[in-house]
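Here is input.cif, consisting of mmCIF, C-alpha atoms and all ligand atoms:
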data_input
#
loop_
_atom_site.label_atom_id
_atom_site.label_comp_id
_atom_site.auth_asym_id
_atom_site.auth_seq_id
_atom_site.Cartn_x
_atom_site.Cartn_y
_atom_site.Cartn_z
CA MET A 231 -35.90 -27.48 43.02
CA LYS A 232 -34.96 -24.61 40.70
CA ILE A 233 -33.99 -21.52 42.65
CA GLY A 234 -33.44 -17.96 41.42
CA VAL A 235 -31.43 -15.33 43.28
CA LEU A 236 -31.44 -11.59 42.70
CA THR A 237 -30.11 -8.43 44.31
CA SER A 238 -32.33 -5.36 44.16
CA GLY A 239 -32.22 -1.72 45.29
CA GLY A 240 -28.94 -0.10 46.35
CA ASP A 241 -26.03 -2.55 46.34
CA ALA A 242 -24.34 -3.27 49.66
CA PRO A 243 -20.96 -4.80 50.60
CA GLY A 244 -21.55 -8.42 51.57
CA MET A 245 -24.18 -9.15 48.93
CA ASN A 246 -21.63 -11.27 47.07
CA ALA A 247 -20.99 -13.35 50.19
CA ALA A 248 -24.74 -14.04 50.37
CA ILE A 249 -24.87 -15.00 46.66
CA ARG A 250 -21.95 -17.38 47.14
CA ALA A 251 -23.59 -19.08 50.12
CA ILE A 252 -26.93 -19.38 48.31
CA VAL A 253 -25.42 -20.87 45.17
CA ARG A 254 -23.14 -23.35 46.90
CA LYS A 255 -25.65 -24.44 49.55
CA ALA A 256 -28.28 -24.96 46.85
CA ILE A 257 -25.87 -27.03 44.75
CA PHE A 258 -24.92 -29.03 47.84
CA GLN A 259 -28.61 -29.79 48.33
CA GLY A 260 -29.02 -30.93 44.73
CA CYS A 261 -30.87 -27.84 43.46
CA GLU A 262 -30.33 -25.85 40.27
CA VAL A 263 -29.61 -22.15 40.82
CA TYR A 264 -30.09 -19.24 38.45
CA GLY A 265 -28.63 -15.76 38.94
CA ILE A 266 -31.08 -13.07 37.88
CA LYS A 267 -29.34 -9.94 36.59
CA ARG A 268 -30.19 -6.35 37.67
CA GLY A 269 -32.91 -7.22 40.20
CA PHE A 270 -36.50 -7.47 38.99
CA SER A 271 -35.45 -6.07 35.59
CA GLY A 272 -33.63 -9.33 34.88
CA ILE A 273 -36.83 -11.30 35.43
CA LEU A 274 -38.72 -9.13 32.93
CA GLU A 275 -35.91 -9.31 30.38
CA GLY A 276 -35.36 -13.04 30.95
CA ASP A 277 -31.76 -12.26 31.85
CA MET A 278 -31.08 -15.22 34.12
CA VAL A 279 -27.96 -17.37 34.03
CA LYS A 280 -27.34 -20.80 35.49
CA MET A 281 -24.80 -20.59 38.30
CA ASP A 282 -22.27 -23.25 39.15
CA SER A 283 -19.83 -23.44 42.01
CA LEU A 284 -17.06 -21.69 40.06
CA SER A 285 -19.32 -18.80 39.09
CA VAL A 286 -19.19 -17.60 42.70
CA ALA A 287 -15.46 -18.21 43.25
CA ASP A 288 -13.32 -15.26 44.33
CA ILE A 289 -16.21 -12.92 45.17
CA LEU A 290 -16.42 -13.13 48.98
CA HIS A 291 -14.19 -10.11 49.46
CA ARG A 292 -15.65 -7.96 46.70
CA GLY A 293 -18.07 -5.10 47.31
CA GLY A 294 -21.03 -4.52 44.99
CA THR A 295 -22.98 -7.45 43.58
CA ILE A 296 -21.91 -9.74 40.74
CA LEU A 297 -25.58 -10.00 39.76
CA GLN A 298 -25.81 -6.20 39.54
CA SER A 299 -28.79 -4.32 40.92
CA ALA A 300 -31.54 -1.97 39.84
CA ARG A 301 -34.70 -0.26 40.97
CA CYS A 302 -37.29 -1.58 38.49
CA LEU A 303 -40.41 0.57 38.01
CA GLU A 304 -41.91 -1.67 35.32
CA PHE A 305 -42.29 -4.54 37.78
CA LYS A 306 -44.75 -2.37 39.73
CA THR A 307 -47.24 -2.35 36.83
CA PRO A 308 -49.78 -5.18 36.19
CA GLU A 309 -48.24 -5.74 32.73
CA GLY A 310 -44.75 -6.02 34.23
CA GLN A 311 -45.96 -8.50 36.82
CA ALA A 312 -47.69 -10.66 34.21
CA LEU A 313 -44.49 -10.69 32.15
CA ALA A 314 -42.47 -11.64 35.26
CA LYS A 315 -44.75 -14.64 35.85
CA ASP A 316 -44.33 -15.79 32.26
CA GLN A 317 -40.56 -15.48 32.37
CA LEU A 318 -40.19 -17.35 35.66
CA GLU A 319 -42.51 -20.11 34.49
CA LYS A 320 -40.64 -20.40 31.19
CA LEU A 321 -37.47 -21.26 33.11
CA GLY A 322 -39.36 -23.37 35.66
CA LEU A 323 -38.08 -21.42 38.68
CA ASN A 324 -40.12 -22.21 41.77
CA GLY A 325 -38.14 -20.63 44.58
CA LEU A 326 -36.62 -17.15 44.78
CA VAL A 327 -34.18 -15.49 47.13
CA ILE A 328 -34.52 -11.72 47.04
CA ILE A 329 -31.67 -9.71 48.57
CA GLY A 330 -32.50 -6.04 49.14
CA GLY A 331 -34.56 -3.60 51.17
CA ASP A 332 -38.25 -3.30 51.93
CA GLY A 333 -39.09 -2.22 48.34
CA SER A 334 -37.54 -5.48 47.14
CA PHE A 335 -39.55 -7.43 49.72
CA ARG A 336 -42.78 -5.87 48.42
CA GLY A 337 -41.79 -7.26 45.02
CA ALA A 338 -41.19 -10.64 46.66
CA GLN A 339 -44.71 -10.54 48.07
CA VAL A 340 -46.12 -9.96 44.58
CA LEU A 341 -44.21 -13.01 43.31
CA ASN A 342 -45.44 -15.01 46.26
CA LYS A 343 -49.05 -14.20 45.40
CA MET A 344 -48.36 -15.55 41.90
CA GLY A 345 -47.38 -18.87 43.44
CA PHE A 346 -43.59 -18.60 43.70
CA GLN A 347 -41.88 -19.38 46.99
CA THR A 348 -39.94 -16.34 48.19
CA VAL A 349 -37.39 -15.69 50.92
CA GLY A 350 -35.94 -12.22 51.62
CA ILE A 351 -32.48 -11.32 52.87
CA PRO A 352 -32.02 -7.77 54.19
CA GLY A 353 -29.29 -6.03 52.21
CA THR A 354 -28.92 -2.27 52.56
CA ILE A 355 -26.29 -0.06 54.11
CA ASP A 356 -29.13 2.02 55.64
CA ASN A 357 -29.97 -0.75 58.17
CA ASP A 358 -33.54 0.53 58.25
CA ILE A 359 -35.37 -2.78 57.74
CA GLY A 360 -37.84 -3.78 60.43
CA CYS A 361 -37.34 -6.75 62.80
CA THR A 362 -33.66 -7.40 62.07
CA ASP A 363 -30.90 -5.70 64.09
CA TYR A 364 -28.57 -5.83 61.09
CA SER A 365 -28.80 -5.82 57.34
CA ILE A 366 -25.95 -6.74 55.00
CA GLY A 367 -23.66 -3.80 54.23
CA PHE A 368 -24.33 -1.64 57.29
CA ASP A 369 -21.23 -2.69 59.21
CA THR A 370 -18.93 -2.07 56.25
CA ALA A 371 -20.55 1.30 55.52
CA VAL A 372 -20.16 2.47 59.12
CA ASN A 373 -16.50 1.39 59.07
CA THR A 374 -16.01 3.38 55.88
CA VAL A 375 -17.52 6.44 57.58
CA LEU A 376 -15.21 5.92 60.58
CA ASP A 377 -12.19 5.82 58.29
CA ALA A 378 -13.30 9.06 56.64
CA MET A 379 -13.92 10.68 60.03
CA ASN A 380 -10.40 9.80 61.17
CA LYS A 381 -8.93 11.46 58.11
CA ILE A 382 -11.12 14.52 58.28
CA ARG A 383 -10.37 14.93 61.97
CA ASP A 384 -6.63 15.02 61.22
CA THR A 385 -7.05 18.03 58.99
CA ALA A 386 -9.77 19.63 61.15
CA SER A 387 -7.42 19.54 64.17
CA SER A 388 -4.56 20.98 62.17
CA HIS A 389 -6.66 24.02 61.26
CA ASN A 390 -8.92 24.26 64.32
CA ARG A 391 -11.92 23.76 62.10
CA THR A 392 -15.42 22.49 62.46
CA CYS A 393 -16.15 19.81 59.87
CA ILE A 394 -19.60 18.70 58.81
CA ILE A 395 -19.77 15.20 57.33
CA GLU A 396 -22.90 14.09 55.50
CA VAL A 397 -23.60 10.37 55.54
CA MET A 398 -26.14 8.19 53.73
CA GLY A 399 -29.16 6.49 55.22
CA LYS A 400 -32.06 7.84 53.15
CA ASN A 401 -34.64 8.90 55.76
CA ALA A 402 -32.99 7.02 58.62
CA GLY A 403 -30.13 7.97 60.91
CA PHE A 404 -28.68 4.54 61.75
CA ILE A 405 -25.38 5.06 59.92
CA ALA A 406 -25.05 8.57 61.37
CA VAL A 407 -25.67 7.58 65.00
CA SER A 408 -23.50 4.45 64.90
CA ALA A 409 -20.59 6.34 63.34
CA ALA A 410 -21.02 9.31 65.69
CA LEU A 411 -20.99 7.06 68.74
CA THR A 412 -17.92 5.07 67.74
CA GLY A 413 -16.06 7.78 65.86
CA GLY A 414 -16.28 10.41 68.59
CA ALA A 415 -18.35 13.05 66.79
CA GLU A 416 -19.11 16.23 68.68
CA ALA A 417 -22.72 16.10 67.45
CA VAL A 418 -25.05 14.13 65.19
CA LEU A 419 -28.18 15.34 63.41
CA VAL A 420 -30.72 12.77 62.20
CA PRO A 421 -34.19 13.02 60.66
CA GLU A 422 -35.88 11.00 63.42
CA VAL A 423 -35.07 13.41 66.25
CA PRO A 424 -35.77 17.17 66.41
CA TYR A 425 -32.57 19.19 66.38
CA ASP A 426 -31.71 22.70 67.47
CA LEU A 427 -29.08 24.42 65.34
CA GLU A 428 -28.89 27.33 67.76
CA SER A 429 -27.78 25.13 70.65
CA LEU A 430 -25.38 23.31 68.31
CA ALA A 431 -23.81 26.69 67.46
CA THR A 432 -23.48 27.44 71.18
CA GLN A 433 -21.92 24.03 71.82
CA ILE A 434 -19.36 24.49 69.06
CA THR A 435 -18.45 27.96 70.33
CA LYS A 436 -17.93 26.43 73.79
CA ASN A 437 -15.72 23.71 72.25
CA VAL A 438 -13.49 26.43 70.85
CA ALA A 439 -13.44 28.29 74.20
CA ARG A 440 -12.33 25.16 76.05
CA LYS A 441 -9.57 24.62 73.48
CA LYS A 442 -10.96 21.59 71.65
CA SER A 443 -8.87 21.41 68.52
CA HIS A 444 -11.80 20.61 66.23
CA SER A 445 -15.48 19.70 66.07
CA VAL A 446 -16.88 16.99 63.82
CA VAL A 447 -20.63 17.05 63.19
CA LEU A 448 -22.31 14.13 61.42
CA VAL A 449 -25.41 14.97 59.40
CA ALA A 450 -27.73 12.27 58.02
CA GLU A 451 -28.54 12.95 54.38
CA GLY A 452 -32.31 12.82 55.00
CA LEU A 453 -32.23 15.54 57.66
CA PHE A 454 -34.36 17.95 55.65
CA GLY A 455 -37.10 17.28 53.19
CA ASP A 456 -38.37 14.48 51.06
CA PRO A 457 -36.52 11.18 51.60
CA ASN A 458 -37.36 10.14 48.04
CA SER A 459 -35.53 13.07 46.52
CA ILE A 460 -32.53 13.70 48.72
CA ASP A 461 -30.81 16.79 47.37
CA HIS A 462 -27.66 16.59 49.53
CA SER A 463 -28.08 20.15 50.69
CA SER A 464 -28.74 19.29 54.36
CA SER A 465 -25.13 19.50 55.38
CA PHE A 466 -24.51 22.74 53.48
CA LYS A 467 -27.55 24.30 55.18
CA VAL A 468 -26.18 23.24 58.57
CA GLY A 469 -22.68 24.45 57.62
CA ASN A 470 -23.92 27.86 56.44
CA TYR A 471 -26.00 28.35 59.56
CA LEU A 472 -23.14 27.45 61.89
CA SER A 473 -20.71 29.58 59.97
CA LEU A 474 -22.97 32.64 60.19
CA ARG A 475 -23.80 32.09 63.87
CA THR A 476 -20.29 31.27 65.12
CA GLY A 477 -18.03 33.03 62.63
CA LEU A 478 -15.89 29.88 62.57
CA ASP A 479 -14.09 28.28 59.67
CA ILE A 480 -16.37 25.44 58.60
CA ARG A 481 -15.91 22.77 55.92
CA VAL A 482 -18.47 20.33 54.54
CA THR A 483 -17.80 16.84 53.13
CA ILE A 484 -20.46 14.64 51.54
CA LEU A 485 -19.27 11.03 51.67
CA GLY A 486 -21.86 9.83 49.14
CA HIS A 487 -21.41 6.56 47.27
CA LEU A 488 -18.01 5.96 48.80
CA GLN A 489 -20.07 4.42 51.62
CA ARG A 490 -21.59 1.80 49.33
CA GLY A 491 -18.41 0.18 48.08
CA GLY A 492 -15.36 -1.59 49.42
CA THR A 493 -14.47 -5.00 50.73
CA PRO A 494 -17.05 -6.26 53.24
CA THR A 495 -16.06 -6.59 56.88
CA PHE A 496 -15.93 -9.88 58.77
CA PHE A 497 -19.36 -9.14 60.26
CA ASP A 498 -21.07 -8.44 56.92
CA ARG A 499 -19.55 -11.57 55.37
CA LYS A 500 -20.63 -13.60 58.37
CA ILE A 501 -24.28 -12.54 58.44
CA ALA A 502 -24.50 -12.68 54.62
CA THR A 503 -23.14 -16.23 54.59
CA LEU A 504 -25.44 -17.41 57.38
CA MET A 505 -28.46 -15.72 55.82
CA GLY A 506 -27.72 -17.15 52.37
CA SER A 507 -27.44 -20.67 53.73
CA LYS A 508 -30.62 -20.30 55.80
CA ALA A 509 -32.53 -19.04 52.74
CA ILE A 510 -31.94 -22.37 51.00
CA ASP A 511 -32.96 -24.30 54.14
CA LEU A 512 -36.22 -22.36 54.24
CA LEU A 513 -37.04 -22.86 50.56
CA LEU A 514 -36.35 -26.59 50.82
CA ALA A 515 -38.56 -26.77 53.91
CA GLY A 516 -41.40 -25.30 51.83
CA GLU A 517 -41.41 -21.94 53.63
CA THR A 518 -42.43 -18.79 51.81
CA GLU A 519 -42.77 -15.02 52.37
CA LYS A 520 -40.17 -15.09 55.11
CA MET A 521 -37.34 -12.66 55.84
CA ILE A 522 -34.16 -13.83 57.46
CA GLY A 523 -32.85 -11.43 60.09
CA TYR A 524 -29.91 -11.23 62.46
CA SER A 525 -30.95 -10.17 65.95
CA GLU A 526 -29.77 -10.98 69.47
CA ASN A 527 -26.59 -12.42 67.95
CA ARG A 528 -28.27 -15.09 65.87
CA ILE A 529 -30.17 -15.74 62.69
CA GLN A 530 -33.92 -15.36 63.12
CA ILE A 531 -36.88 -15.83 60.80
CA TYR A 532 -39.68 -13.28 60.40
CA ALA A 533 -42.84 -13.04 58.32
CA MET A 534 -42.02 -10.75 55.41
CA ASP A 535 -45.12 -8.71 56.11
CA GLU A 536 -44.00 -8.07 59.67
CA ALA A 537 -40.54 -7.00 58.49
CA ILE A 538 -42.03 -4.59 55.96
CA ASN A 539 -44.54 -3.10 58.37
CA THR A 540 -42.36 -2.77 61.45
CA LYS A 541 -40.74 0.62 61.80
CA LYS A 542 -37.27 0.34 63.20
CA SER A 543 -36.39 3.06 65.70
CA LEU A 544 -33.12 4.61 66.71
CA ASP A 545 -31.97 3.96 70.23
CA PRO A 546 -32.38 7.35 72.02
CA GLU A 547 -29.79 6.33 74.63
CA GLN A 548 -27.12 6.07 71.94
CA LEU A 549 -27.91 9.58 70.72
CA GLU A 550 -27.77 10.91 74.24
CA LEU A 551 -24.46 9.13 74.82
CA VAL A 552 -22.93 10.85 71.77
CA ASN A 553 -23.72 14.19 73.43
CA ILE A 554 -22.59 13.16 76.90
CA LEU A 555 -19.24 11.86 75.67
CA ALA A 556 -18.64 14.86 73.44
CA ASN A 557 -19.46 17.48 76.07
CA ALA A 558 -18.31 16.00 79.39
O1 LIG B 1 -30.55 2.76 50.23
C1 LIG B 1 -29.17 2.84 50.07
C2 LIG B 1 -28.78 4.23 49.60
O2 LIG B 1 -27.37 4.24 49.48
C3 LIG B 1 -29.24 5.38 50.48
O3 LIG B 1 -28.46 5.53 51.63
C4 LIG B 1 -29.15 6.53 49.50
O4 LIG B 1 -30.03 7.57 49.85
C5 LIG B 1 -29.57 5.89 48.22
O5 LIG B 1 -29.33 4.50 48.34
C6 LIG B 1 -28.84 6.41 47.01
O6 LIG B 1 -29.37 5.79 45.90
P1 LIG B 1 -28.70 5.85 44.44
O7 LIG B 1 -27.51 4.95 44.45
O8 LIG B 1 -29.79 5.37 43.54
O9 LIG B 1 -28.31 7.27 44.22
#
What's the structure tokens form of this structure?
Amino acid sequence: MKIGVLTSGGDAPGMNAAIRAIVRKAIFQGCEVYGIKRGFSGILEGDMVKMDSLSVADILHRGGTILQSARCLEFKTPEGQALAKDQLEKLGLNGLVIIGGDGSFRGAQVLNKMGFQTVGIPGTIDNDIGCTDYSIGFDTAVNTVLDAMNKIRDTASSHNRTCIIEVMGKNAGFIAVSAALTGGAEAVLVPEVPYDLESLATQITKNVARKKSHSVVLVAEGLFGDPNSIDHSSSFKVGNYLSLRTGLDIRVTILGHLQRGGTPTFFDRKIATLMGSKAIDLLLAGETEKMIGYSENRIQIYAMDEAINTKKSLDPEQLELVNILANA
């Protein structure tokens, strides 16, 4: 079998661990493997390179993706799709592993309809993909946020300040809630749940009155407005409001792309490695249009359609717990 692997959408720490597992497991099983550069763009441009065992040496611990990534608009057009079919047939690729988010999986479905076997691996720091509890990169990103929170709290305490920290997640609040819960934030604002800035102002004023040395508020980047054109003003709007209402000294930090890089954690390497290996098992078993997830502490297989169409929800109990622990 000739297998292609690509990473698409936003890169995520741990993608390299998945690529390594895919390449080496495929070679172990006697397959040829091709690395497709820059996601679906590499298919259209015919930018695909044969991978051997050494080509994935020394990458387990590196963030980013050695195959690079892109969001390819041309692939969405009928002409782009016809070109993709030609290019894949030219090389004789018959199985593809697509690592990315739900946009990437929609692309995988298109390829599947053209007769190519496809398996998806969830890779996005946002952790917003349906069916799976975890996607590659989320754990590392949350740990990066925790590290930043620790540092910001040091300076916030020293100056008795309230600090607003904006985190990524597109239109989902999974990074924000997980970091708030484990990093001890005083409050967290996410797009999925209505928020009340007035009561947040009251809470922060009370924190000052009961001699809390600081308040840290996590704001998900998609809090206001269109998730497709995040303008990073959410946290400044929250900061300005709180500053006017409370008269306190407030600072805003946008963590931005810092959250996308860095060496992957044990957990991201583990799920990426298991998912990569399972992707080859599935292709060799003749499976197609499947997504590999990690739920209930083990690898699980889902129909790609189900993964794309299932909306993942935040756990309301976790949000409530952030408030209980911050205000008790
Ligand atoms: O989907 C991952 C993500 O990092 C989102 O959290 C963020 O909104 C977006 O990608 C940023 O995309 P880009 O790197 O294209 O600016």
Next item on the list: Could the residues that lie within 8 Å of ligand LIG 1 (chain B), counting all atoms listed in the file, be listed as a list of chain:residue names?
Entry: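 Written in the requested form, the residues are A:Gly239, A:Gly240, A:Asp241, A:Ala242, A:Arg301, A:Gly331, A:Thr354, A:Ile355, A:Asp356, A:Val397, A:Met398, A:Gly399, A:Lys400, A:Asn401, A:Glu451, A:Gly452, A:Pro457, A:Asn458, A:Ile460, A:Gly486, A:His487, A:Gln489, A:Arg490.
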Next item on the list: Have a look at A:Ala378, A:Met534, A:Leu504, A:Leu544 and name the one nearest to Ala402 in chain A; count all atoms listed in the file.
Entry: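 Residue with the minimum atom-to-atom distance to Ala402 in chain A: A:Leu544.
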Item checked: Test item: residues at most 9 Å from Lys442 in chain A, all atoms listed in the file, excluding those fewer than 6 positions along its chain, as a list in words -> Ser387, Asn390 and Lys436 of chain A
Item checked: Nearest residue to Ala406 in chain A from the set A:Ser283, A:Gly293, A:Phe497, A:Val552 (distances using only C-alpha atoms) ->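 Among A:Ser283, A:Gly293, A:Phe497, A:Val552, it is A:Val552 that comes nearest to Ala406 in chain A.
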Checklist line | Shell around Leu326 in chain A at 6 Å using only C-alpha atoms, local window under 3 positions removed, as a PyMOL selection string | finding: chain A and resi 233-235+348
Checklist line | Distance query Ser238 in chain A at most 8 Å, only C-alpha atoms, self and fewer than 5 positions along chain excluded, as JSON, numbers by chain | finding: {"A": [268, 269, 270, 299, 300, 301, 328, 329, 330, 331, 334]}
Item checked: Selection: 6 Å around Ile480 in chain A, all atoms listed in the file, excl. self and same-chain fewer than 3 positions, as a PyMOL selection string -> chain A and resi 391-393
Check: Which of these, A:Leu274, A:Ala450, A:Leu341, A:Ile531, has the shortest distance to Leu512 in chain A once you count all atoms listed in the file?
Finding: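 Of all the options, A:Ile531 lies closest to Leu512 in chain A.
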Could you give me, as a Markdown table, every range 447-539 of chain A residue with an atom at most 8 Å from range 408-426 of chain A, plus its closest atom pair and distance in Å to one decimal, counting only C-alpha atoms, rows ordered by chain then number?
| residue | atom | partner | partner_atom | distance |
| --- | --- | --- | --- | --- |
| A:Val447 | CA | A:Ala417 | CA | 4.8 |
| A:Leu448 | CA | A:Val418 | CA | 4.7 |
| A:Val449 | CA | A:Leu419 | CA | 4.9 |
| A:Ala450 | CA | A:Val420 | CA | 5.2 |
| A:Gly452 | CA | A:Pro421 | CA | 6.0 |
| A:Leu453 | CA | A:Pro421 | CA | 4.4 |
| A:Phe454 | CA | A:Pro421 | CA | 7.0 |
Output C-alpha atoms for every residue in the selection just made, as a tab-separated table (two decimals), in the frame of the given file.
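Full text of selection_27.tsv as output:
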chain	number	residue	atom	x	y	z
A	447	VAL	CA	-20.63	17.05	63.19
A	448	LEU	CA	-22.31	14.13	61.42
A	449	VAL	CA	-25.41	14.97	59.40
A	450	ALA	CA	-27.73	12.27	58.02
A	452	GLY	CA	-32.31	12.82	55.00
A	453	LEU	CA	-32.23	15.54	57.66
A	454	PHE	CA	-34.36	17.95	55.65
Notebook entry, point to check: When distances are computed from all atoms listed in the file, which of A:Phe346, A:Asp288, A:Gly360, A:Gly516 shows the smallest separation from Ala533 in chain A?
Noted result: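 Between A:Phe346, A:Asp288, A:Gly360, A:Gly516, the residue approaching Ala533 in chain A most closely is A:Gly360.
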What would the list of residues within 7 Å of (-41.5, -12.6, 49.4) (file frame) look like as a JSON list (two decimals) with C-alpha atoms, in the frame of the given file, if only C-alpha atoms are what count?
[["chain", "number", "residue", "atom", "x", "y", "z"],
["A", 335, "PHE", "CA", -39.55, -7.43, 49.72],
["A", 336, "ARG", "CA", -42.78, -5.87, 48.42],
["A", 337, "GLY", "CA", -41.79, -7.26, 45.02],
["A", 338, "ALA", "CA", -41.19, -10.64, 46.66],
["A", 339, "GLN", "CA", -44.71, -10.54, 48.07],
["A", 341, "LEU", "CA", -44.21, -13.01, 43.31],
["A", 342, "ASN", "CA", -45.44, -15.01, 46.26],
["A", 348, "THR", "CA", -39.94, -16.34, 48.19],
["A", 349, "VAL", "CA", -37.39, -15.69, 50.92],
["A", 350, "GLY", "CA", -35.94, -12.22, 51.62],
["A", 518, "THR", "CA", -42.43, -18.79, 51.81],
["A", 519, "GLU", "CA", -42.77, -15.02, 52.37],
["A", 520, "LYS", "CA", -40.17, -15.09, 55.11],
["A", 534, "MET", "CA", -42.02, -10.75, 55.41]]
Next item on the list: Find the residues near Pro546 in chain A: any atom within 10 Å, counting all atoms listed in the file, skip ones fewer than 3 places away on the same chain, and give them as a VMD selection string.
Entry: chain A and resid 407 422 to 423 543 549 to 551
Note to self: Between CA of Gln298 in chain A and CA of Ala502 in chain A, what is the distance in Å, rounded to a tenth?
What the structure shows: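 It comes out at 16.5 Å.
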Notebook entry, point to check: Within 12 Å of (-25.0, -21.4, 32.4), in the coordinates the file gives, what residues turn up when you count all atoms listed in the file, written out as an NGL selection string?
Noted result: :A and (262-266 or 277-285)
Item checked: Nearest to Ser388 in chain A, chosen from A:Leu290, A:Ser445, A:Leu430, A:Ile501, with all atoms listed in the file counted in the distances ->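 Ranked by minimum distance to Ser388 in chain A, first place goes to A:Ser445.
Shortest atom-to-atom contact with Ala431 in chain A among A:Val482, A:Ala558, A:Val468, A:Ala515: A:Val468, counting all atoms listed in the file.
The interatomic distance for the pair CA of Leu488 in chain A and CA of Ala386 in chain A works out to 20.2 Å.
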Notebook entry, point to check: How far is it from CA of Met505 in chain A to CA of Ala251 in chain A, in Å with one decimal?
Noted result: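 We find that CA of Met505 in chain A and CA of Ala251 in chain A lie 8.2 Å from each other.
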Is it possible to get the axis-aligned box enclosing range 502-516 of chain A (all listed atoms, 3 Å extra per side) as lines of an AutoDock Vina configuration file, with centre and edge lengths in Å rounded to one decimal?
center_x = -32.3
center_y = -19.7
center_z = 54.0
size_x = 24.3
size_y = 20.1
size_z = 12.8
